[in-house]
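Undergrad: See my_file.pdb below, with PDB, C-alpha atoms.
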ATOM      1  CA  MET A   1     -11.329  26.103   1.193  1.00  0.00           C
ATOM      2  CA  LYS A   2     -10.075  24.981   4.595  1.00  0.00           C
ATOM      3  CA  ILE A   3      -8.626  21.615   5.634  1.00  0.00           C
ATOM      4  CA  GLY A   4     -11.611  20.964   7.904  1.00  0.00           C
ATOM      5  CA  GLU A   5     -13.892  21.063   4.878  1.00  0.00           C
ATOM      6  CA  VAL A   6     -12.198  18.037   3.286  1.00  0.00           C
ATOM      7  CA  MET A   7     -11.557  16.050   6.476  1.00  0.00           C
ATOM      8  CA  ARG A   8     -13.875  13.060   6.853  1.00  0.00           C
ATOM      9  CA  ASP A   9     -14.843  10.944   9.856  1.00  0.00           C
ATOM     10  CA  GLY A  10     -17.199   8.143  10.745  1.00  0.00           C
ATOM     11  CA  ASP A  11     -17.607   4.996  12.794  1.00  0.00           C
ATOM     12  CA  PHE A  12     -14.544   2.774  12.377  1.00  0.00           C
ATOM     13  CA  LYS A  13     -16.799  -0.304  12.704  1.00  0.00           C
ATOM     14  CA  ALA A  14     -18.551   0.640   9.462  1.00  0.00           C
ATOM     15  CA  GLU A  15     -15.902   2.676   7.610  1.00  0.00           C
ATOM     16  CA  LYS A  16     -12.470   1.183   6.843  1.00  0.00           C
ATOM     17  CA  HIS A  17     -10.685   4.543   6.457  1.00  0.00           C
ATOM     18  CA  VAL A  18     -11.276   5.956   9.946  1.00  0.00           C
ATOM     19  CA  PRO A  19      -8.182   5.860  12.177  1.00  0.00           C
ATOM     20  CA  THR A  20      -8.651   4.451  15.654  1.00  0.00           C
ATOM     21  CA  ILE A  21      -6.837   5.500  18.809  1.00  0.00           C
ATOM     22  CA  GLU A  22      -6.212   3.026  21.608  1.00  0.00           C
ATOM     23  CA  ALA A  23      -5.099   4.757  24.812  1.00  0.00           C
ATOM     24  CA  PRO A  24      -5.977   4.615  28.502  1.00  0.00           C
ATOM     25  CA  GLU A  25      -8.954   6.691  29.667  1.00  0.00           C
ATOM     26  CA  LYS A  26      -6.833   8.035  32.561  1.00  0.00           C
ATOM     27  CA  VAL A  27      -3.125   8.282  33.364  1.00  0.00           C
ATOM     28  CA  LYS A  28      -1.174   9.655  36.291  1.00  0.00           C
ATOM     29  CA  LEU A  29       0.760  12.892  35.832  1.00  0.00           C
ATOM     30  CA  GLY A  30       4.018  12.138  34.011  1.00  0.00           C
ATOM     31  CA  GLU A  31       3.247   8.414  33.759  1.00  0.00           C
ATOM     32  CA  GLU A  32       4.227   6.710  30.503  1.00  0.00           C
ATOM     33  CA  ALA A  33       1.225   5.662  28.395  1.00  0.00           C
ATOM     34  CA  LEU A  34       1.136   3.561  25.242  1.00  0.00           C
ATOM     35  CA  VAL A  35      -0.966   5.011  22.414  1.00  0.00           C
ATOM     36  CA  LYS A  36      -1.756   2.900  19.353  1.00  0.00           C
ATOM     37  CA  VAL A  37      -3.165   4.304  16.118  1.00  0.00           C
ATOM     38  CA  MET A  38      -4.370   2.216  13.217  1.00  0.00           C
ATOM     39  CA  VAL A  39      -6.631   2.071  10.193  1.00  0.00           C
ATOM     40  CA  GLY A  40      -8.651  -1.067   9.585  1.00  0.00           C
ATOM     41  CA  GLN A  41      -9.354  -2.216  13.127  1.00  0.00           C
ATOM     42  CA  GLU A  42     -12.759  -3.700  12.244  1.00  0.00           C
ATOM     43  CA  ILE A  43     -12.744  -3.621   8.437  1.00  0.00           C
ATOM     44  CA  LYS A  44      -9.310  -4.177   6.904  1.00  0.00           C
ATOM     45  CA  HIS A  45      -8.204  -1.462   4.510  1.00  0.00           C
ATOM     46  CA  PRO A  46      -6.557  -2.565   1.237  1.00  0.00           C
ATOM     47  CA  ASN A  47      -2.801  -2.274   1.298  1.00  0.00           C
ATOM     48  CA  THR A  48      -1.851  -2.392  -2.368  1.00  0.00           C
ATOM     49  CA  PRO A  49       0.113  -0.072  -4.635  1.00  0.00           C
ATOM     50  CA  LEU A  50      -3.195   1.154  -6.089  1.00  0.00           C
ATOM     51  CA  HIS A  51      -5.113   1.697  -2.812  1.00  0.00           C
ATOM     52  CA  HIS A  52      -3.413   2.223   0.533  1.00  0.00           C
ATOM     53  CA  ILE A  53      -3.077   4.292   3.672  1.00  0.00           C
ATOM     54  CA  ARG A  54       0.012   6.443   3.113  1.00  0.00           C
ATOM     55  CA  TRP A  55       0.355   7.861   6.651  1.00  0.00           C
ATOM     56  CA  ILE A  56      -1.204   8.477  10.061  1.00  0.00           C
ATOM     57  CA  GLN A  57      -0.441  11.534  12.186  1.00  0.00           C
ATOM     58  CA  LEU A  58      -1.176  11.744  15.905  1.00  0.00           C
ATOM     59  CA  TYR A  59      -1.768  15.071  17.640  1.00  0.00           C
ATOM     60  CA  PHE A  60      -2.553  16.056  21.227  1.00  0.00           C
ATOM     61  CA  LYS A  61      -4.741  19.027  22.159  1.00  0.00           C
ATOM     62  CA  PRO A  62      -4.491  19.943  25.867  1.00  0.00           C
ATOM     63  CA  ASP A  63      -7.764  21.051  27.449  1.00  0.00           C
ATOM     64  CA  ASP A  64      -6.372  24.538  28.114  1.00  0.00           C
ATOM     65  CA  ALA A  65      -5.664  27.159  25.443  1.00  0.00           C
ATOM     66  CA  THR A  66      -2.231  25.911  24.381  1.00  0.00           C
ATOM     67  CA  PRO A  67      -1.826  24.867  20.724  1.00  0.00           C
ATOM     68  CA  VAL A  68      -2.183  21.385  19.272  1.00  0.00           C
ATOM     69  CA  ILE A  69       1.022  19.325  19.566  1.00  0.00           C
ATOM     70  CA  GLU A  70       2.178  16.895  16.879  1.00  0.00           C
ATOM     71  CA  VAL A  71       3.029  13.696  18.782  1.00  0.00           C
ATOM     72  CA  ALA A  72       4.019  11.351  15.938  1.00  0.00           C
ATOM     73  CA  LYS A  73       3.828  10.730  12.214  1.00  0.00           C
ATOM     74  CA  PHE A  74       3.879   7.205  10.813  1.00  0.00           C
ATOM     75  CA  ASP A  75       4.631   6.699   7.118  1.00  0.00           C
ATOM     76  CA  TYR A  76       3.676   3.429   5.385  1.00  0.00           C
ATOM     77  CA  SER A  77       5.579   3.386   2.124  1.00  0.00           C
ATOM     78  CA  ALA A  78       6.576  -0.274   1.607  1.00  0.00           C
ATOM     79  CA  HIS A  79       3.491  -1.006  -0.536  1.00  0.00           C
ATOM     80  CA  SER A  80       4.679   1.463  -3.172  1.00  0.00           C
ATOM     81  CA  ASP A  81       8.121  -0.127  -3.624  1.00  0.00           C
ATOM     82  CA  THR A  82       6.989  -2.251  -6.561  1.00  0.00           C
ATOM     83  CA  MET A  83       6.957  -1.091 -10.171  1.00  0.00           C
ATOM     84  CA  ASN A  84       3.927  -3.272 -10.922  1.00  0.00           C
ATOM     85  CA  PRO A  85       0.769  -1.648  -9.478  1.00  0.00           C
ATOM     86  CA  ASP A  86      -1.133  -4.955  -9.587  1.00  0.00           C
ATOM     87  CA  MET A  87       1.420  -6.872  -7.503  1.00  0.00           C
ATOM     88  CA  PRO A  88       2.600  -6.087  -3.968  1.00  0.00           C
ATOM     89  CA  GLY A  89       6.319  -5.709  -3.375  1.00  0.00           C
ATOM     90  CA  CYS A  90       8.503  -7.897  -1.180  1.00  0.00           C
ATOM     91  CA  ALA A  91       7.351  -6.093   2.000  1.00  0.00           C
ATOM     92  CA  ALA A  92       4.148  -4.461   3.162  1.00  0.00           C
ATOM     93  CA  ALA A  93       3.439  -2.368   6.242  1.00  0.00           C
ATOM     94  CA  ASP A  94      -0.094  -2.344   7.609  1.00  0.00           C
ATOM     95  CA  PRO A  95      -1.186   1.054   8.972  1.00  0.00           C
ATOM     96  CA  ALA A  96      -0.793   0.387  12.709  1.00  0.00           C
ATOM     97  CA  SER A  97       1.772   2.021  14.991  1.00  0.00           C
ATOM     98  CA  CYS A  98       2.459   2.808  18.652  1.00  0.00           C
ATOM     99  CA  VAL A  99       4.080   5.619  20.589  1.00  0.00           C
ATOM    100  CA  LYS A 100       4.767   6.050  24.321  1.00  0.00           C
ATOM    101  CA  VAL A 101       3.848   9.448  25.732  1.00  0.00           C
ATOM    102  CA  LYS A 102       4.072  11.223  29.090  1.00  0.00           C
ATOM    103  CA  LEU A 103       1.359  13.812  29.659  1.00  0.00           C
ATOM    104  CA  THR A 104       1.150  16.660  32.146  1.00  0.00           C
ATOM    105  CA  LYS A 105      -2.322  17.851  31.124  1.00  0.00           C
ATOM    106  CA  SER A 106      -5.651  16.270  30.248  1.00  0.00           C
ATOM    107  CA  GLY A 107      -6.737  16.636  26.658  1.00  0.00           C
ATOM    108  CA  THR A 108      -7.655  14.942  23.400  1.00  0.00           C
ATOM    109  CA  PHE A 109      -5.645  12.822  21.005  1.00  0.00           C
ATOM    110  CA  ILE A 110      -6.512  13.449  17.353  1.00  0.00           C
ATOM    111  CA  ALA A 111      -5.518  10.974  14.640  1.00  0.00           C
ATOM    112  CA  VAL A 112      -5.506  11.890  10.957  1.00  0.00           C
ATOM    113  CA  SER A 113      -4.961   9.303   8.216  1.00  0.00           C
ATOM    114  CA  TYR A 114      -4.478   9.712   4.480  1.00  0.00           C
ATOM    115  CA  CYS A 115      -5.790   7.243   1.886  1.00  0.00           C
ATOM    116  CA  ASN A 116      -4.307   7.757  -1.576  1.00  0.00           C
ATOM    117  CA  ILE A 117      -7.795   7.408  -3.128  1.00  0.00           C
ATOM    118  CA  HIS A 118     -10.256   8.592  -0.464  1.00  0.00           C
ATOM    119  CA  GLY A 119      -8.327  11.443   1.174  1.00  0.00           C
ATOM    120  CA  LEU A 120      -8.152  12.582   4.790  1.00  0.00           C
ATOM    121  CA  TRP A 121      -9.920  10.931   7.743  1.00  0.00           C
ATOM    122  CA  GLU A 122      -9.896  11.782  11.436  1.00  0.00           C
ATOM    123  CA  SER A 123     -10.934  10.594  14.880  1.00  0.00           C
ATOM    124  CA  ALA A 124     -10.369  11.716  18.470  1.00  0.00           C
ATOM    125  CA  LYS A 125     -10.085  10.269  21.980  1.00  0.00           C
ATOM    126  CA  LYS A 126     -10.102  12.076  25.337  1.00  0.00           C
ATOM    127  CA  ILE A 127      -7.579  11.241  28.051  1.00  0.00           C
ATOM    128  CA  GLU A 128      -7.556  12.477  31.637  1.00  0.00           C
ATOM    129  CA  VAL A 129      -4.364  13.178  33.587  1.00  0.00           C
ATOM    130  CA  GLU A 130      -4.648  12.679  37.340  1.00  0.00           C
ATOM    131  CA  ALA A 131      -2.275  14.339  39.806  1.00  0.00           C
TER     132      ALA A 131
END
How would this structure read if it were set down as structure tokens?
TA:
Amino acid sequence: MKIGEVMRDGDFKAEKHVPTIEAPEKVKLGEEALVKVMVGQEIKHPNTPLHHIRWIQLYFKPDDATPVIEVAKFDYSAHSDTMNPDMPGCAAADPASCVKVKLTKSGTFIAVSYCNIHGLWESAKKIEVEA
């Protein structure tokens, strides 16, 4: 079995597990761009000890043949700090994070999220770098 066989996707407006990527459509070469990833943009995902998004990873795949680059990994562990699975702890972190990037090539951002019950989910967004 390969990882692609268990990866799921869908429309984030109808499926609460799909990560979304907010980024500009175009940026200038070397210009700083803010990229936001989150789960639950339209339909909020539960954030309890029993059902939660554990992490989101953000990758960048340049349009040329170079390999995929891991840009960031965001870990949301506050919801598991309680010993009582029916009660949230004293802090909770919703699965939404930002990173600033500078790109030199056009390509595609790929976000992967992990739900402790429903597994791996992915989405992608193209970005163009202008000289």
Undergrad: Could you state which residues are captured by the PyMOL selection byres ((chain A and resi 27) around 10) in this file, as a PDB file with C-alpha atoms, keeping the file's coordinate frame?
TA:
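Below you can see result.pdb, which holds the result:
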ATOM      1  CA  ALA A  23      -5.099   4.757  24.812  1.00  0.00           C
ATOM      2  CA  PRO A  24      -5.977   4.615  28.502  1.00  0.00           C
ATOM      3  CA  GLU A  25      -8.954   6.691  29.667  1.00  0.00           C
ATOM      4  CA  LYS A  26      -6.833   8.035  32.561  1.00  0.00           C
ATOM      5  CA  LYS A  28      -1.174   9.655  36.291  1.00  0.00           C
ATOM      6  CA  LEU A  29       0.760  12.892  35.832  1.00  0.00           C
ATOM      7  CA  GLY A  30       4.018  12.138  34.011  1.00  0.00           C
ATOM      8  CA  GLU A  31       3.247   8.414  33.759  1.00  0.00           C
ATOM      9  CA  GLU A  32       4.227   6.710  30.503  1.00  0.00           C
ATOM     10  CA  ALA A  33       1.225   5.662  28.395  1.00  0.00           C
ATOM     11  CA  LYS A 102       4.072  11.223  29.090  1.00  0.00           C
ATOM     12  CA  LEU A 103       1.359  13.812  29.659  1.00  0.00           C
ATOM     13  CA  THR A 104       1.150  16.660  32.146  1.00  0.00           C
ATOM     14  CA  LYS A 105      -2.322  17.851  31.124  1.00  0.00           C
ATOM     15  CA  SER A 106      -5.651  16.270  30.248  1.00  0.00           C
ATOM     16  CA  ILE A 127      -7.579  11.241  28.051  1.00  0.00           C
ATOM     17  CA  GLU A 128      -7.556  12.477  31.637  1.00  0.00           C
ATOM     18  CA  VAL A 129      -4.364  13.178  33.587  1.00  0.00           C
ATOM     19  CA  GLU A 130      -4.648  12.679  37.340  1.00  0.00           C
ATOM     20  CA  ALA A 131      -2.275  14.339  39.806  1.00  0.00           C
TER      21      ALA A 131
END
Undergrad: Could you tell me which of A:Ala92, A:Ile53, A:Ile21, A:Met7 comes closest to Asp75 (chain A) if we count only C-alpha atoms?
TA: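 Checking each of A:Ala92, A:Ile53, A:Ile21, A:Met7 against Asp75 (chain A), counting only C-alpha atoms, the winner is A:Ile53.
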Undergrad: On this structure, the PyMOL selection byres ((chain A and resi 41) around 9) would catch which residues? List them as a PyMOL selection string, sorted by chain and number.
TA: chain A and resi 12-13+16+18-20+38-40+42-45+96
Undergrad: Write the selection just made, keeping C-alpha atoms, as a PDB file, in the coordinates of the input?
TA:
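Writing done, so here's out.pdb:
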ATOM      1  CA  PHE A  12     -14.544   2.774  12.377  1.00  0.00           C
ATOM      2  CA  LYS A  13     -16.799  -0.304  12.704  1.00  0.00           C
ATOM      3  CA  LYS A  16     -12.470   1.183   6.843  1.00  0.00           C
ATOM      4  CA  VAL A  18     -11.276   5.956   9.946  1.00  0.00           C
ATOM      5  CA  PRO A  19      -8.182   5.860  12.177  1.00  0.00           C
ATOM      6  CA  THR A  20      -8.651   4.451  15.654  1.00  0.00           C
ATOM      7  CA  MET A  38      -4.370   2.216  13.217  1.00  0.00           C
ATOM      8  CA  VAL A  39      -6.631   2.071  10.193  1.00  0.00           C
ATOM      9  CA  GLY A  40      -8.651  -1.067   9.585  1.00  0.00           C
ATOM     10  CA  GLU A  42     -12.759  -3.700  12.244  1.00  0.00           C
ATOM     11  CA  ILE A  43     -12.744  -3.621   8.437  1.00  0.00           C
ATOM     12  CA  LYS A  44      -9.310  -4.177   6.904  1.00  0.00           C
ATOM     13  CA  HIS A  45      -8.204  -1.462   4.510  1.00  0.00           C
ATOM     14  CA  ALA A  96      -0.793   0.387  12.709  1.00  0.00           C
TER      15      ALA A  96
END
Undergrad: So what does the PyMOL selection byres ((chain A and resi 76) around 12) actually pick up in this one, as a short mmCIF file (atom, residue, chain, number, x, y, z; two decimals) with C-alpha atoms, in the coordinates of the input?
TA:
data_model
loop_
_atom_site.label_atom_id
_atom_site.label_comp_id
_atom_site.auth_asym_id
_atom_site.auth_seq_id
_atom_site.Cartn_x
_atom_site.Cartn_y
_atom_site.Cartn_z
CA MET A 38 -4.37 2.22 13.22
CA VAL A 39 -6.63 2.07 10.19
CA ASN A 47 -2.80 -2.27 1.30
CA THR A 48 -1.85 -2.39 -2.37
CA PRO A 49 0.11 -0.07 -4.64
CA HIS A 52 -3.41 2.22 0.53
CA ILE A 53 -3.08 4.29 3.67
CA ARG A 54 0.01 6.44 3.11
CA TRP A 55 0.36 7.86 6.65
CA ILE A 56 -1.20 8.48 10.06
CA GLN A 57 -0.44 11.53 12.19
CA LYS A 73 3.83 10.73 12.21
CA PHE A 74 3.88 7.20 10.81
CA ASP A 75 4.63 6.70 7.12
CA SER A 77 5.58 3.39 2.12
CA ALA A 78 6.58 -0.27 1.61
CA HIS A 79 3.49 -1.01 -0.54
CA SER A 80 4.68 1.46 -3.17
CA ASP A 81 8.12 -0.13 -3.62
CA ALA A 91 7.35 -6.09 2.00
CA ALA A 92 4.15 -4.46 3.16
CA ALA A 93 3.44 -2.37 6.24
CA ASP A 94 -0.09 -2.34 7.61
CA PRO A 95 -1.19 1.05 8.97
CA ALA A 96 -0.79 0.39 12.71
CA SER A 97 1.77 2.02 14.99
CA SER A 113 -4.96 9.30 8.22
CA TYR A 114 -4.48 9.71 4.48
CA CYS A 115 -5.79 7.24 1.89
CA ASN A 116 -4.31 7.76 -1.58
#
Undergrad: Considering all atoms listed in the file, can you say which of A:Leu58, A:Leu50, A:Ile110, A:Val99 comes closest to Ser123 (chain A)?
TA: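 Answer, going by the shortest atom-to-atom distance: A:Ile110.
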Undergrad: Of the candidates A:Leu34, A:Thr66, A:Ala72, A:Glu5, which one gets nearest to Val112 (chain A) if we count all atoms listed in the file?
TA: A:Ala72
Undergrad: How many Å lie between CA of Ile117 (chain A) and CA of Arg8 (chain A), rounded to one decimal?
TA: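 Distance between the two atoms: 13.0 Å.
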Undergrad: Provide the CA of Val101 (chain A) to CA of Val6 (chain A) distance in Å, to one decimal place.
TA: 28.9 Å
Undergrad: Could you state the separation of CA of Gly10 (chain A) and CA of Lys126 (chain A) in Å, given to one decimal place?
TA: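 According to the coordinates, CA of Gly10 (chain A) and CA of Lys126 (chain A) are separated by 16.7 Å.
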